[in-house]
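Below is structure_7.csv, holding CSV, C-alpha atoms.
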```
chain,number,residue,atom,x,y,z
A,14,MET,CA,2.8,16.2,13.0
A,15,ARG,CA,3.4,12.6,14.0
A,16,GLY,CA,5.7,10.2,12.3
A,17,PRO,CA,4.3,6.8,11.3
A,18,SER,CA,3.4,4.5,14.2
A,19,ASN,CA,5.3,1.3,15.1
A,20,ASN,CA,2.4,-0.7,13.7
A,21,THR,CA,2.5,1.2,10.5
A,22,MET,CA,6.2,0.6,10.1
A,23,MET,CA,5.9,-3.1,10.9
A,24,ALA,CA,3.2,-3.4,8.2
A,25,PHE,CA,5.4,-1.5,5.8
A,26,LYS,CA,8.4,-3.7,6.5
A,27,ARG,CA,6.3,-6.8,6.0
A,28,GLY,CA,4.7,-5.6,2.8
A,29,PHE,CA,8.0,-4.4,1.4
A,30,LEU,CA,9.7,-7.7,2.1
A,31,ARG,CA,6.9,-9.8,0.5
A,32,SER,CA,6.8,-7.6,-2.6
A,33,LEU,CA,10.5,-7.7,-3.0
A,34,LEU,CA,10.9,-11.5,-2.5
A,35,LEU,CA,8.1,-12.1,-5.0
A,36,SER,CA,9.7,-10.0,-7.7
A,37,LEU,CA,13.1,-11.5,-7.0
A,38,GLN,CA,11.7,-15.0,-7.2
A,39,SER,CA,10.1,-14.3,-10.5
A,40,SER,CA,13.1,-12.5,-12.1
A,41,LYS,CA,14.8,-14.2,-15.0
A,42,ALA,CA,18.2,-15.8,-14.4
A,43,THR,CA,19.2,-15.1,-18.0
A,44,MET,CA,20.0,-11.4,-17.6
A,45,SER,CA,23.4,-9.7,-17.8
A,46,LEU,CA,24.9,-8.6,-14.6
A,47,GLU,CA,24.1,-5.0,-15.4
A,48,GLU,CA,20.5,-5.7,-16.2
A,49,ARG,CA,20.2,-7.9,-13.1
A,50,LYS,CA,21.4,-5.1,-10.8
A,51,ARG,CA,19.0,-2.6,-12.4
A,52,ALA,CA,16.1,-5.0,-12.1
A,53,VAL,CA,16.8,-5.6,-8.4
A,54,LYS,CA,17.1,-1.9,-7.7
A,55,SER,CA,13.9,-1.2,-9.4
A,56,SER,CA,12.2,-4.1,-7.6
A,57,ALA,CA,13.3,-2.7,-4.3
A,58,ASP,CA,12.0,0.8,-5.2
A,59,VAL,CA,8.7,-0.5,-6.4
A,60,ALA,CA,8.3,-2.7,-3.4
A,61,MET,CA,9.0,0.2,-1.1
A,62,ALA,CA,6.6,2.5,-2.9
A,63,THR,CA,3.7,0.0,-2.9
A,64,ALA,CA,4.3,-1.0,0.7
A,65,ARG,CA,4.1,2.6,1.8
A,66,GLY,CA,1.1,3.5,-0.3
A,67,VAL,CA,0.4,6.8,-2.0
A,68,ALA,CA,-1.4,8.5,0.9
A,69,GLY,CA,0.3,11.5,2.5
A,70,ALA,CA,3.5,11.6,0.5
A,71,ARG,CA,4.5,12.1,-3.1
A,72,TRP,CA,7.6,9.9,-3.5
A,73,PRO,CA,5.8,6.6,-3.7
A,74,GLN,CA,3.7,7.8,-6.6
A,75,ALA,CA,6.8,9.3,-8.3
A,76,ILE,CA,8.6,5.9,-8.1
A,77,LEU,CA,5.6,4.0,-9.4
A,78,SER,CA,5.0,6.4,-12.3
A,79,SER,CA,8.6,6.4,-13.4
A,80,SER,CA,8.9,2.6,-13.3
A,81,SER,CA,5.6,1.7,-14.9
A,82,SER,CA,6.6,3.2,-18.3
A,83,SER,CA,7.8,0.9,-21.0
A,84,SER,CA,10.6,3.1,-22.2
A,85,PRO,CA,14.0,3.2,-20.3
A,86,SER,CA,13.3,4.7,-17.0
A,87,ARG,CA,16.4,7.0,-17.2
A,88,MET,CA,15.1,8.6,-20.3
A,89,GLN,CA,11.7,9.0,-18.8
A,90,ALA,CA,13.1,10.5,-15.7
A,91,LYS,CA,15.0,13.0,-17.7
A,92,VAL,CA,12.0,14.0,-19.7
A,93,LYS,CA,10.0,14.4,-16.5
A,94,ARG,CA,12.7,16.5,-14.9
A,95,CYS,CA,12.7,18.9,-17.8
A,96,LYS,CA,8.9,19.2,-17.7
A,97,ASN,CA,9.0,19.8,-14.0
A,98,ILE,CA,11.7,22.4,-14.2
A,99,VAL,CA,9.7,24.3,-16.7
A,100,ARG,CA,6.6,23.9,-14.6
A,101,ARG,CA,8.4,25.0,-11.5
A,102,CYS,CA,9.7,28.2,-13.1
A,103,CYS,CA,6.1,29.2,-14.0
A,104,HIS,CA,4.8,28.3,-10.6
A,105,LYS,CA,7.5,30.1,-8.7
A,106,ARG,CA,6.7,33.4,-10.4
A,107,ARG,CA,3.0,33.1,-9.6
A,108,ARG,CA,3.2,32.0,-6.0
A,109,ASP,CA,6.3,33.6,-4.6
A,110,GLY,CA,5.3,36.6,-2.6
A,111,ASN,CA,8.7,37.2,-1.0
A,112,ASN,CA,10.7,38.8,-3.8
A,113,GLY,CA,12.1,35.5,-5.0
A,114,THR,CA,13.6,34.6,-1.6
A,115,SER,CA,12.9,30.9,-0.9
A,116,PHE,CA,11.7,29.7,2.5
A,117,PHE,CA,15.0,27.9,3.1
A,118,ALA,CA,17.0,30.9,2.2
A,119,ARG,CA,15.0,33.0,4.6
A,120,THR,CA,15.6,30.5,7.4
A,121,ALA,CA,19.3,30.6,6.5
A,122,LEU,CA,19.2,34.4,6.6
A,123,ASN,CA,17.9,34.3,10.1
A,124,ARG,CA,20.9,32.5,11.2
A,125,SER,CA,23.6,34.0,9.0
A,126,SER,CA,22.9,36.9,6.7
A,127,THR,CA,25.5,36.3,4.1
A,128,GLU,CA,25.0,35.9,0.4
A,129,VAL,CA,27.1,32.8,0.5
A,130,ALA,CA,24.7,31.1,2.9
A,131,ARG,CA,21.8,31.9,0.6
A,132,ARG,CA,23.6,30.4,-2.4
A,133,LEU,CA,24.6,27.4,-0.5
A,134,VAL,CA,21.1,26.8,0.6
A,135,LYS,CA,19.9,27.0,-2.9
A,136,LYS,CA,22.4,24.5,-4.1
A,137,ARG,CA,21.7,22.1,-1.3
A,138,THR,CA,18.0,22.3,-1.9
A,139,LYS,CA,18.5,21.4,-5.5
A,140,VAL,CA,20.5,18.3,-4.5
A,141,LEU,CA,17.9,17.3,-2.0
A,142,ARG,CA,15.2,17.5,-4.6
A,143,ARG,CA,17.1,15.1,-6.8
A,144,MET,CA,17.5,12.6,-4.0
A,145,ILE,CA,13.8,12.4,-3.3
A,146,PRO,CA,11.6,10.8,-6.0
A,147,GLY,CA,9.2,13.5,-7.1
A,148,GLY,CA,11.1,16.2,-5.2
A,149,ASP,CA,11.3,18.5,-8.2
A,150,LEU,CA,7.6,19.3,-7.9
A,151,LEU,CA,7.6,20.3,-4.2
A,152,ASP,CA,7.8,23.6,-2.5
A,153,GLU,CA,10.4,23.7,0.3
A,154,ILE,CA,8.2,23.0,3.2
A,155,SER,CA,6.6,20.0,1.6
A,156,LEU,CA,10.1,18.9,0.6
A,157,LEU,CA,11.1,18.8,4.3
A,158,HIS,CA,8.0,16.7,5.2
A,159,GLU,CA,8.7,14.5,2.2
A,160,ALA,CA,12.4,14.1,3.2
A,161,MET,CA,11.4,13.0,6.7
A,162,ASP,CA,8.9,10.4,5.4
A,163,TYR,CA,11.3,9.1,2.8
A,164,VAL,CA,14.2,8.8,5.3
A,165,VAL,CA,12.1,6.9,7.8
A,166,HIS,CA,11.0,4.4,5.1
A,167,LEU,CA,14.5,4.1,3.7
A,168,HIS,CA,15.8,3.3,7.1
A,169,ALA,CA,13.2,0.7,7.6
A,170,GLU,CA,14.0,-0.8,4.2
A,171,VAL,CA,17.7,-1.1,5.2
A,172,ASP,CA,16.7,-2.7,8.5
A,173,VAL,CA,14.6,-5.4,6.8
A,174,LEU,CA,17.2,-6.1,4.1
A,175,ARG,CA,19.9,-6.5,6.6
A,176,LEU,CA,17.8,-8.9,8.7
A,177,VAL,CA,16.8,-11.0,5.8
A,178,SER,CA,20.2,-11.2,4.2
A,179,LYS,CA,21.7,-12.3,7.5
A,180,ALA,CA,19.0,-14.9,8.0
A,181,LEU,CA,19.4,-16.3,4.5
A,182,GLN,CA,23.2,-16.4,4.8
A,183,ARG,CA,23.0,-18.3,8.0
A,184,SER,CA,20.1,-20.4,6.6
A,185,THR,CA,18.6,-20.9,10.0
A,186,THR,CA,15.1,-20.1,10.9
A,187,SER,CA,15.6,-19.0,14.5
A,188,GLY,CA,16.1,-15.3,14.3
A,189,LEU,CA,13.7,-14.5,11.5
A,190,PHE,CA,10.4,-15.6,13.0
A,191,HIS,CA,10.9,-13.4,16.0
A,192,ALA,CA,11.0,-10.3,13.9
A,193,PHE,CA,7.9,-11.2,12.0
B,29,MET,CA,-0.7,19.4,1.5
B,30,SER,CA,-2.3,22.1,-0.6
B,31,SER,CA,-3.4,24.2,2.3
B,32,ARG,CA,0.1,24.2,3.6
B,33,ARG,CA,1.3,25.6,0.3
B,34,SER,CA,-1.3,28.3,-0.2
B,35,SER,CA,-1.0,29.7,3.3
B,36,ARG,CA,2.8,29.9,3.2
B,37,GLY,CA,2.8,33.2,5.0
B,38,ALA,CA,0.7,31.7,7.9
B,39,ILE,CA,3.4,29.2,8.9
B,40,SER,CA,4.9,30.3,12.1
B,41,ASP,CA,8.6,30.3,12.9
B,42,GLU,CA,8.0,27.8,15.6
B,43,GLU,CA,6.5,25.4,13.1
B,44,ILE,CA,9.4,25.8,10.8
B,45,ASN,CA,11.9,25.3,13.6
B,46,GLU,CA,9.9,22.2,14.7
B,47,LEU,CA,10.1,20.8,11.3
B,48,ILE,CA,13.8,21.4,11.1
B,49,SER,CA,14.6,19.9,14.5
B,50,LYS,CA,12.4,16.9,13.6
B,51,LEU,CA,14.4,16.2,10.5
B,52,GLN,CA,17.6,16.8,12.4
B,53,SER,CA,16.6,14.1,14.9
B,54,LEU,CA,16.1,11.6,12.2
B,55,LEU,CA,19.6,11.9,11.0
B,56,PRO,CA,22.4,9.9,12.6
B,57,ASN,CA,24.7,11.6,15.0
B,58,SER,CA,22.2,14.2,15.9
B,59,ARG,CA,23.9,15.9,18.7
B,60,ARG,CA,22.0,18.4,20.8
B,61,ARG,CA,24.5,21.0,21.8
B,62,GLY,CA,22.4,23.0,24.1
B,63,SER,CA,20.3,25.5,22.2
B,64,SER,CA,22.5,25.9,19.2
B,65,GLN,CA,20.6,25.2,16.0
B,66,ALA,CA,22.2,23.4,13.1
B,67,SER,CA,22.4,25.8,10.2
B,68,THR,CA,19.9,25.1,7.4
B,69,THR,CA,22.7,24.4,4.9
B,70,LYS,CA,24.3,21.8,7.2
B,71,LEU,CA,21.0,20.1,7.8
B,72,LEU,CA,20.3,19.9,4.1
B,73,LYS,CA,23.7,18.6,3.4
B,74,GLU,CA,23.4,15.9,6.1
B,75,THR,CA,20.0,14.9,4.9
B,76,CYS,CA,21.3,14.5,1.3
B,77,ASN,CA,24.3,12.5,2.5
B,78,TYR,CA,22.2,10.3,4.7
B,79,ILE,CA,19.8,9.5,1.9
B,80,LYS,CA,22.7,8.8,-0.4
B,81,SER,CA,24.3,6.4,2.0
B,82,LEU,CA,20.9,4.7,2.6
B,83,HIS,CA,20.5,4.3,-1.2
B,84,ARG,CA,23.9,2.7,-1.4
B,85,GLU,CA,23.1,0.3,1.4
B,86,VAL,CA,19.8,-0.7,-0.2
B,87,ASP,CA,21.6,-1.3,-3.5
B,88,ASP,CA,24.2,-3.5,-1.8
B,89,LEU,CA,21.8,-5.4,0.3
B,90,SER,CA,19.3,-6.1,-2.4
B,91,ASP,CA,22.1,-7.3,-4.7
B,92,ARG,CA,23.2,-9.6,-2.0
B,93,LEU,CA,19.7,-10.8,-1.4
B,94,SER,CA,19.2,-11.4,-5.1
B,95,ASP,CA,22.4,-13.5,-5.3
B,96,LEU,CA,21.4,-15.5,-2.2
B,97,MET,CA,18.0,-16.3,-3.7
B,98,SER,CA,19.3,-17.3,-7.0
B,99,THR,CA,21.6,-19.9,-5.5
B,100,MET,CA,19.0,-21.4,-3.3
B,101,ASP,CA,17.5,-24.7,-4.4
B,102,HIS,CA,13.9,-25.6,-3.6
B,103,ASN,CA,14.8,-27.7,-0.6
B,104,SER,CA,17.3,-25.4,1.2
B,105,PRO,CA,16.4,-23.9,4.5
B,106,GLY,CA,16.7,-20.5,2.9
B,107,ALA,CA,14.0,-21.3,0.5
B,108,GLU,CA,11.8,-22.4,3.4
B,109,ILE,CA,12.4,-19.0,5.1
B,110,VAL,CA,11.4,-17.2,1.9
B,111,ARG,CA,8.3,-19.3,1.6
B,112,SER,CA,7.2,-18.7,5.2
B,113,ILE,CA,7.6,-15.0,4.8
B,114,LEU,CA,5.5,-15.1,1.7
B,115,ARG,CA,2.9,-17.1,3.5
B,116,SER,CA,2.6,-14.7,6.5
```
Could you quickly redo this structure as C-alpha coordinates?
Amino acid sequence: MRGPSNNTMMAFKRGFLRSLLLSLQSSKATMSLEERKRAVKSSADVAMATARGVAGARWPQAILSSSSSSSPSRMQAKVKRCKNIVRRCCHKRRRDGNNGTSFFARTALNRSSTEVARRLVKKRTKVLRRMIPGGDLLDEISLLHEAMDYVVHLHAEVDVLRLVSKALQRSTTSGLFHAF
Amino acid sequence: MSSRRSSRGAISDEEINELISKLQSLLPNSRRRGSSQASTTKLLKETCNYIKSLHREVDDLSDRLSDLMSTMDHNSPGAEIVRSILRS
(Lines of atoms letter the chains of each structure in order from A and count residues from 1; the text may use other names and numbers.)
(Lines give C-alpha, C1' and ligand atoms only; values in the text may rest on other atoms or scores of the structure.)
Protein backbone atom coordinates (compact mmCIF):
# COMPACT_ATOMS: atom_id res chain seq x y z
CA MET A 1 0.00 0.00 0.00
CA ARG A 2 1.50 3.28 -1.07
CA GLY A 3 0.65 6.70 0.25
CA PRO A 4 -0.22 9.45 -2.19
CA SER A 5 2.67 10.61 -4.38
CA ASN A 6 4.24 14.04 -4.14
CA ASN A 7 2.53 15.10 -7.34
CA THR A 8 -0.81 14.01 -6.00
CA MET A 9 -0.23 15.95 -2.82
CA MET A 10 0.85 19.07 -4.72
CA ALA A 11 -2.30 18.88 -6.81
CA PHE A 12 -4.32 18.40 -3.64
CA LYS A 13 -2.75 21.44 -1.99
CA ARG A 14 -3.35 23.58 -5.03
CA GLY A 15 -6.94 22.45 -5.45
CA PHE A 16 -7.67 22.87 -1.77
CA LEU A 17 -6.28 26.38 -1.68
CA ARG A 18 -8.16 27.52 -4.76
CA SER A 19 -11.48 26.16 -3.48
CA LEU A 20 -10.95 27.70 -0.08
CA LEU A 21 -9.97 31.13 -1.37
CA LEU A 22 -12.94 31.16 -3.73
CA SER A 23 -15.39 30.42 -0.96
CA LEU A 24 -13.74 32.89 1.42
CA GLN A 25 -13.92 35.58 -1.25
CA SER A 26 -17.60 35.04 -1.81
CA SER A 27 -18.58 34.83 1.85
CA LYS A 28 -20.79 37.58 3.16
CA ALA A 29 -19.26 40.15 5.46
CA THR A 30 -22.56 40.58 7.29
CA MET A 31 -22.38 37.47 9.42
CA SER A 32 -22.02 37.26 13.16
CA LEU A 33 -18.66 36.13 14.46
CA GLU A 34 -20.03 32.72 15.33
CA GLU A 35 -21.59 32.23 11.91
CA ARG A 36 -18.43 33.44 10.25
CA LYS A 37 -16.27 30.94 12.09
CA ARG A 38 -18.62 28.12 11.23
CA ALA A 39 -18.75 29.12 7.59
CA VAL A 40 -14.97 29.27 7.37
CA LYS A 41 -14.59 25.87 9.01
CA SER A 42 -17.12 24.36 6.67
CA SER A 43 -15.44 25.99 3.67
CA ALA A 44 -12.12 24.47 4.66
CA ASP A 45 -13.66 21.01 5.12
CA VAL A 46 -15.49 21.11 1.80
CA ALA A 47 -12.41 22.43 0.02
CA MET A 48 -10.35 19.61 1.47
CA ALA A 49 -12.92 16.98 0.53
CA THR A 50 -13.35 18.17 -3.06
CA ALA A 51 -9.61 18.53 -3.57
CA ARG A 52 -8.99 14.99 -2.43
CA GLY A 53 -11.80 13.51 -4.45
CA VAL A 54 -13.96 10.59 -3.44
CA ALA A 55 -11.85 7.75 -4.82
CA GLY A 56 -10.16 5.43 -2.38
CA ALA A 57 -11.40 6.91 0.89
CA ARG A 58 -14.65 7.53 2.63
CA TRP A 59 -14.08 10.70 4.57
CA PRO A 60 -14.36 13.12 1.61
CA GLN A 61 -17.81 11.85 0.74
CA ALA A 62 -18.83 11.94 4.39
CA ILE A 63 -17.83 15.60 4.60
CA LEU A 64 -19.62 16.50 1.38
CA SER A 65 -22.81 14.64 2.32
CA SER A 66 -23.07 16.26 5.71
CA SER A 67 -22.42 19.76 4.41
CA SER A 68 -24.71 19.65 1.40
CA SER A 69 -27.84 19.31 3.46
CA SER A 70 -29.91 22.38 4.07
CA SER A 71 -30.67 21.68 7.70
CA PRO A 72 -28.11 22.54 10.39
CA SER A 73 -25.17 20.21 9.91
CA ARG A 74 -24.90 19.36 13.58
CA MET A 75 -28.44 17.99 13.67
CA GLN A 76 -27.80 16.13 10.46
CA ALA A 77 -24.63 14.60 11.84
CA LYS A 78 -26.46 13.50 14.95
CA VAL A 79 -29.19 11.82 12.93
CA LYS A 80 -26.60 10.13 10.78
CA ARG A 81 -24.65 8.93 13.75
CA CYS A 82 -27.74 7.35 15.24
CA LYS A 83 -28.55 5.60 12.00
CA ASN A 84 -25.02 4.35 11.68
CA ILE A 85 -24.87 3.04 15.20
CA VAL A 86 -27.99 1.01 14.55
CA ARG A 87 -26.61 -0.19 11.25
CA ARG A 88 -23.29 -1.10 12.79
CA CYS A 89 -24.94 -3.18 15.50
CA CYS A 90 -26.74 -5.23 12.89
CA HIS A 91 -23.67 -5.58 10.72
CA LYS A 92 -21.42 -6.57 13.55
CA ARG A 93 -23.56 -9.53 14.51
CA ARG A 94 -23.66 -10.77 10.96
CA ARG A 95 -20.03 -10.40 10.05
CA ASP A 96 -18.16 -10.99 13.24
CA GLY A 97 -16.69 -14.48 13.25
CA ASN A 98 -14.45 -14.03 16.25
CA ASN A 99 -16.86 -14.25 19.17
CA GLY A 100 -17.30 -10.50 19.30
CA THR A 101 -13.62 -9.74 19.66
CA SER A 102 -12.67 -6.82 17.45
CA PHE A 103 -9.57 -6.77 15.31
CA PHE A 104 -7.99 -4.06 17.41
CA ALA A 105 -8.74 -5.90 20.60
CA ARG A 106 -7.13 -9.01 19.19
CA THR A 107 -4.03 -7.07 18.31
CA ALA A 108 -3.97 -5.60 21.78
CA LEU A 109 -4.33 -9.06 23.21
CA ASN A 110 -1.25 -10.20 21.38
CA ARG A 111 0.71 -7.60 23.21
CA SER A 112 -0.96 -7.55 26.58
CA SER A 113 -3.64 -9.96 27.55
CA THR A 114 -5.53 -7.93 30.10
CA GLU A 115 -9.18 -7.09 30.12
CA VAL A 116 -8.21 -3.48 30.73
CA ALA A 117 -6.28 -3.34 27.48
CA ARG A 118 -9.26 -4.69 25.62
CA ARG A 119 -11.59 -2.11 27.07
CA LEU A 120 -9.16 0.72 26.45
CA VAL A 121 -8.83 -0.28 22.83
CA LYS A 122 -12.58 -0.30 22.45
CA LYS A 123 -12.81 3.18 23.93
CA ARG A 124 -10.00 4.53 21.78
CA THR A 125 -11.50 3.07 18.65
CA LYS A 126 -14.76 4.81 19.39
CA VAL A 127 -12.97 8.13 19.79
CA LEU A 128 -11.05 7.63 16.57
CA ARG A 129 -14.26 6.93 14.68
CA ARG A 130 -15.65 10.24 15.82
CA MET A 131 -12.59 12.14 14.65
CA ILE A 132 -12.73 10.82 11.12
CA PRO A 133 -15.68 11.87 8.96
CA GLY A 134 -17.62 8.75 8.08
CA GLY A 135 -15.62 6.71 10.57
CA ASP A 136 -18.72 5.21 12.16
CA LEU A 137 -19.37 3.09 9.12
CA LEU A 138 -15.98 1.50 8.89
CA ASP A 139 -14.57 -1.75 10.15
CA GLU A 140 -11.35 -1.40 12.04
CA ILE A 141 -8.93 -2.23 9.28
CA SER A 142 -10.57 0.26 6.94
CA LEU A 143 -10.53 2.70 9.82
CA LEU A 144 -6.74 2.43 9.98
CA HIS A 145 -6.40 3.06 6.26
CA GLU A 146 -8.84 5.91 6.49
CA ALA A 147 -6.96 7.43 9.44
CA MET A 148 -3.71 7.40 7.50
CA ASP A 149 -5.25 9.01 4.45
CA TYR A 150 -7.04 11.60 6.54
CA VAL A 151 -3.93 12.47 8.57
CA VAL A 152 -1.82 12.90 5.45
CA HIS A 153 -4.33 15.29 3.95
CA LEU A 154 -4.91 17.21 7.18
CA HIS A 155 -1.19 17.71 7.47
CA ALA A 156 -1.03 19.03 3.91
CA GLU A 157 -3.96 21.31 4.65
CA VAL A 158 -2.11 22.81 7.62
CA ASP A 159 1.04 23.27 5.53
CA VAL A 160 -0.82 25.19 2.88
CA LEU A 161 -2.74 27.35 5.33
CA ARG A 162 0.42 28.26 7.21
CA LEU A 163 2.16 29.21 4.01
CA VAL A 164 -0.64 31.36 2.70
CA SER A 165 -1.34 33.10 5.99
CA LYS A 166 2.30 33.98 6.29
CA ALA A 167 2.44 35.24 2.74
CA LEU A 168 -0.64 37.38 3.10
CA GLN A 169 0.54 38.78 6.39
CA ARG A 170 3.80 39.85 4.92
CA SER A 171 2.02 40.88 1.73
CA THR A 172 4.98 40.19 -0.42
CA THR A 173 4.94 37.95 -3.44
CA SER A 174 8.39 36.42 -3.10
CA GLY A 175 7.92 33.24 -1.10
CA LEU A 176 4.59 32.18 -2.43
CA PHE A 177 5.34 31.69 -6.09
CA HIS A 178 8.14 29.27 -5.33
CA ALA A 179 5.78 26.95 -3.58
CA PHE A 180 3.30 26.91 -6.42
CA MET B 1 -12.28 -1.96 0.17
CA SER B 2 -15.01 -4.56 0.19
CA SER B 3 -12.65 -7.45 -0.53
CA ARG B 4 -10.60 -6.43 2.46
CA ARG B 5 -13.65 -6.58 4.67
CA SER B 6 -15.06 -9.86 3.52
CA SER B 7 -11.74 -11.70 3.75
CA ARG B 8 -10.99 -10.54 7.24
CA GLY B 9 -9.59 -13.86 8.26
CA ALA B 10 -7.16 -13.80 5.34
CA ILE B 11 -5.30 -10.72 6.53
CA SER B 12 -1.95 -11.80 7.82
CA ASP B 13 -0.31 -10.62 10.98
CA GLU B 14 2.45 -9.06 8.92
CA GLU B 15 -0.04 -6.96 7.03
CA ILE B 16 -1.62 -5.83 10.25
CA ASN B 17 1.74 -4.93 11.74
CA GLU B 18 2.70 -3.12 8.58
CA LEU B 19 -0.47 -1.03 8.73
CA ILE B 20 0.15 -0.19 12.35
CA SER B 21 3.77 0.81 11.83
CA LYS B 22 2.81 2.87 8.79
CA LEU B 23 0.31 4.79 10.84
CA GLN B 24 2.86 5.13 13.61
CA SER B 25 5.34 6.67 11.20
CA LEU B 26 2.85 9.33 10.17
CA LEU B 27 2.49 10.59 13.70
CA PRO B 28 4.88 13.16 15.08
CA ASN B 29 7.58 11.98 17.46
CA SER B 30 7.52 8.48 16.10
CA ARG B 31 10.51 7.07 17.87
CA ARG B 32 11.83 3.72 16.82
CA ARG B 33 13.03 2.07 19.95
CA GLY B 34 14.57 -1.01 18.46
CA SER B 35 12.00 -3.70 17.91
CA SER B 36 9.55 -2.60 20.54
CA GLN B 37 6.11 -2.08 19.13
CA ALA B 38 3.87 0.68 20.34
CA SER B 39 0.83 -0.76 22.00
CA THR B 40 -2.33 -0.54 19.97
CA THR B 41 -4.02 1.62 22.55
CA LYS B 42 -1.14 4.07 22.56
CA LEU B 43 -1.20 4.27 18.80
CA LEU B 44 -4.93 4.91 18.71
CA LYS B 45 -4.60 7.55 21.39
CA GLU B 46 -1.75 9.31 19.58
CA THR B 47 -3.67 9.24 16.33
CA CYS B 48 -6.73 10.79 17.94
CA ASN B 49 -4.68 13.47 19.64
CA TYR B 50 -2.82 14.28 16.46
CA ILE B 51 -6.02 14.59 14.46
CA LYS B 52 -7.47 16.78 17.18
CA SER B 53 -4.49 19.11 17.14
CA LEU B 54 -4.51 19.28 13.35
CA HIS B 55 -8.20 20.19 13.45
CA ARG B 56 -7.44 22.99 15.90
CA GLU B 57 -4.66 24.31 13.73
CA VAL B 58 -6.83 24.25 10.65
CA ASP B 59 -9.53 26.16 12.51
CA ASP B 60 -7.10 28.80 13.76
CA LEU B 61 -5.33 29.22 10.45
CA SER B 62 -8.47 29.38 8.35
CA ASP B 63 -9.97 31.95 10.76
CA ARG B 64 -6.84 34.01 10.39
CA LEU B 65 -6.93 33.65 6.63
CA SER B 66 -10.55 34.72 6.54
CA ASP B 67 -9.72 37.81 8.63
CA LEU B 68 -6.80 38.69 6.40
CA MET B 69 -8.89 38.39 3.30
CA SER B 70 -11.72 40.47 4.64
CA THR B 71 -9.42 43.38 5.37
CA MET B 72 -7.73 43.34 1.98
CA ASP B 73 -8.77 45.96 -0.48
CA HIS B 74 -8.74 45.31 -4.18
CA ASN B 75 -5.38 46.94 -4.83
CA SER B 76 -3.39 45.49 -1.94
CA PRO B 77 -0.50 43.10 -2.65
CA GLY B 78 -2.38 40.46 -0.70
CA ALA B 79 -5.29 40.68 -3.09
CA GLU B 80 -2.89 40.22 -5.99
CA ILE B 81 -1.47 37.10 -4.35
CA VAL B 82 -4.94 35.68 -4.02
CA ARG B 83 -5.77 36.51 -7.60
CA SER B 84 -2.62 34.87 -8.91
CA ILE B 85 -3.30 31.70 -6.94
CA LEU B 86 -6.79 31.57 -8.40
CA ARG B 87 -5.41 32.08 -11.87
CA SER B 88 -2.87 29.23 -11.66
Interatomic distance, atom CA of B:Ser94 to atom CA of A:Arg183 (Å, one decimal)
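According to the coordinates, atom CA of B:Ser94 and atom CA of A:Arg183 are separated by 15.3 Å.
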Within 7 Å of chain B, which residues of chain A come that close, and what is the closest atom pair and distance in Å for each? Count only C-alpha atoms and give it as a Markdown table.
```
| residue | atom | partner | partner_atom | distance |
| --- | --- | --- | --- | --- |
| A:Arg31 | CA | B:Leu114 | CA | 5.6 |
| A:Leu37 | CA | B:Ser94 | CA | 6.4 |
| A:Lys50 | CA | B:Asp91 | CA | 6.5 |
| A:Val53 | CA | B:Ser90 | CA | 6.5 |
| A:Lys54 | CA | B:Asp87 | CA | 6.2 |
| A:Thr120 | CA | B:Thr68 | CA | 6.9 |
| A:Ala121 | CA | B:Thr68 | CA | 5.6 |
| A:Arg124 | CA | B:Ser67 | CA | 6.9 |
| A:Leu133 | CA | B:Thr69 | CA | 6.5 |
| A:Val134 | CA | B:Thr69 | CA | 5.2 |
| A:Arg137 | CA | B:Leu72 | CA | 6.0 |
| A:Thr138 | CA | B:Leu72 | CA | 6.9 |
| A:Val140 | CA | B:Cys76 | CA | 7.0 |
| A:Leu141 | CA | B:Cys76 | CA | 5.5 |
| A:Met144 | CA | B:Cys76 | CA | 6.8 |
| A:Met161 | CA | B:Leu51 | CA | 5.8 |
| A:Val164 | CA | B:Ile79 | CA | 6.6 |
| A:Leu167 | CA | B:Leu82 | CA | 6.5 |
| A:His168 | CA | B:Leu82 | CA | 6.9 |
| A:Val171 | CA | B:Val86 | CA | 5.8 |
| A:Leu174 | CA | B:Leu89 | CA | 6.0 |
| A:Arg175 | CA | B:Leu89 | CA | 6.7 |
| A:Ser178 | CA | B:Leu93 | CA | 5.6 |
| A:Leu181 | CA | B:Gly106 | CA | 5.2 |
| A:Ser184 | CA | B:Gly106 | CA | 5.0 |
| A:Thr185 | CA | B:Pro105 | CA | 6.6 |
| A:Thr186 | CA | B:Ile109 | CA | 6.5 |
```
Suppose we keep C-alpha atoms; can you now write the selection as an mmCIF file, in the frame of the given file?
```cif
data_model
loop_
_atom_site.group_PDB
_atom_site.id
_atom_site.type_symbol
_atom_site.label_atom_id
_atom_site.label_comp_id
_atom_site.auth_asym_id
_atom_site.auth_seq_id
_atom_site.Cartn_x
_atom_site.Cartn_y
_atom_site.Cartn_z
ATOM 1 C CA ARG A 31 6.900 -9.800 0.500
ATOM 2 C CA LEU A 37 13.100 -11.500 -7.000
ATOM 3 C CA LYS A 50 21.400 -5.100 -10.800
ATOM 4 C CA VAL A 53 16.800 -5.600 -8.400
ATOM 5 C CA LYS A 54 17.100 -1.900 -7.700
ATOM 6 C CA THR A 120 15.600 30.500 7.400
ATOM 7 C CA ALA A 121 19.300 30.600 6.500
ATOM 8 C CA ARG A 124 20.900 32.500 11.200
ATOM 9 C CA LEU A 133 24.600 27.400 -0.500
ATOM 10 C CA VAL A 134 21.100 26.800 0.600
ATOM 11 C CA ARG A 137 21.700 22.100 -1.300
ATOM 12 C CA THR A 138 18.000 22.300 -1.900
ATOM 13 C CA VAL A 140 20.500 18.300 -4.500
ATOM 14 C CA LEU A 141 17.900 17.300 -2.000
ATOM 15 C CA MET A 144 17.500 12.600 -4.000
ATOM 16 C CA MET A 161 11.400 13.000 6.700
ATOM 17 C CA VAL A 164 14.200 8.800 5.300
ATOM 18 C CA LEU A 167 14.500 4.100 3.700
ATOM 19 C CA HIS A 168 15.800 3.300 7.100
ATOM 20 C CA VAL A 171 17.700 -1.100 5.200
ATOM 21 C CA LEU A 174 17.200 -6.100 4.100
ATOM 22 C CA ARG A 175 19.900 -6.500 6.600
ATOM 23 C CA SER A 178 20.200 -11.200 4.200
ATOM 24 C CA LEU A 181 19.400 -16.300 4.500
ATOM 25 C CA SER A 184 20.100 -20.400 6.600
ATOM 26 C CA THR A 185 18.600 -20.900 10.000
ATOM 27 C CA THR A 186 15.100 -20.100 10.900
#
```
So what do you get for atom CA of A:Thr43 versus atom CA of A:Met61, distance-wise?
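Those two atoms sit 25.0 Å apart.
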Could you jot down the atom CA of A:Arg65 to atom CA of A:Gly148 separation for me, Å, one decimal place?
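Computing the Euclidean distance for atom CA of A:Arg65 and atom CA of A:Gly148 yields 16.8 Å.
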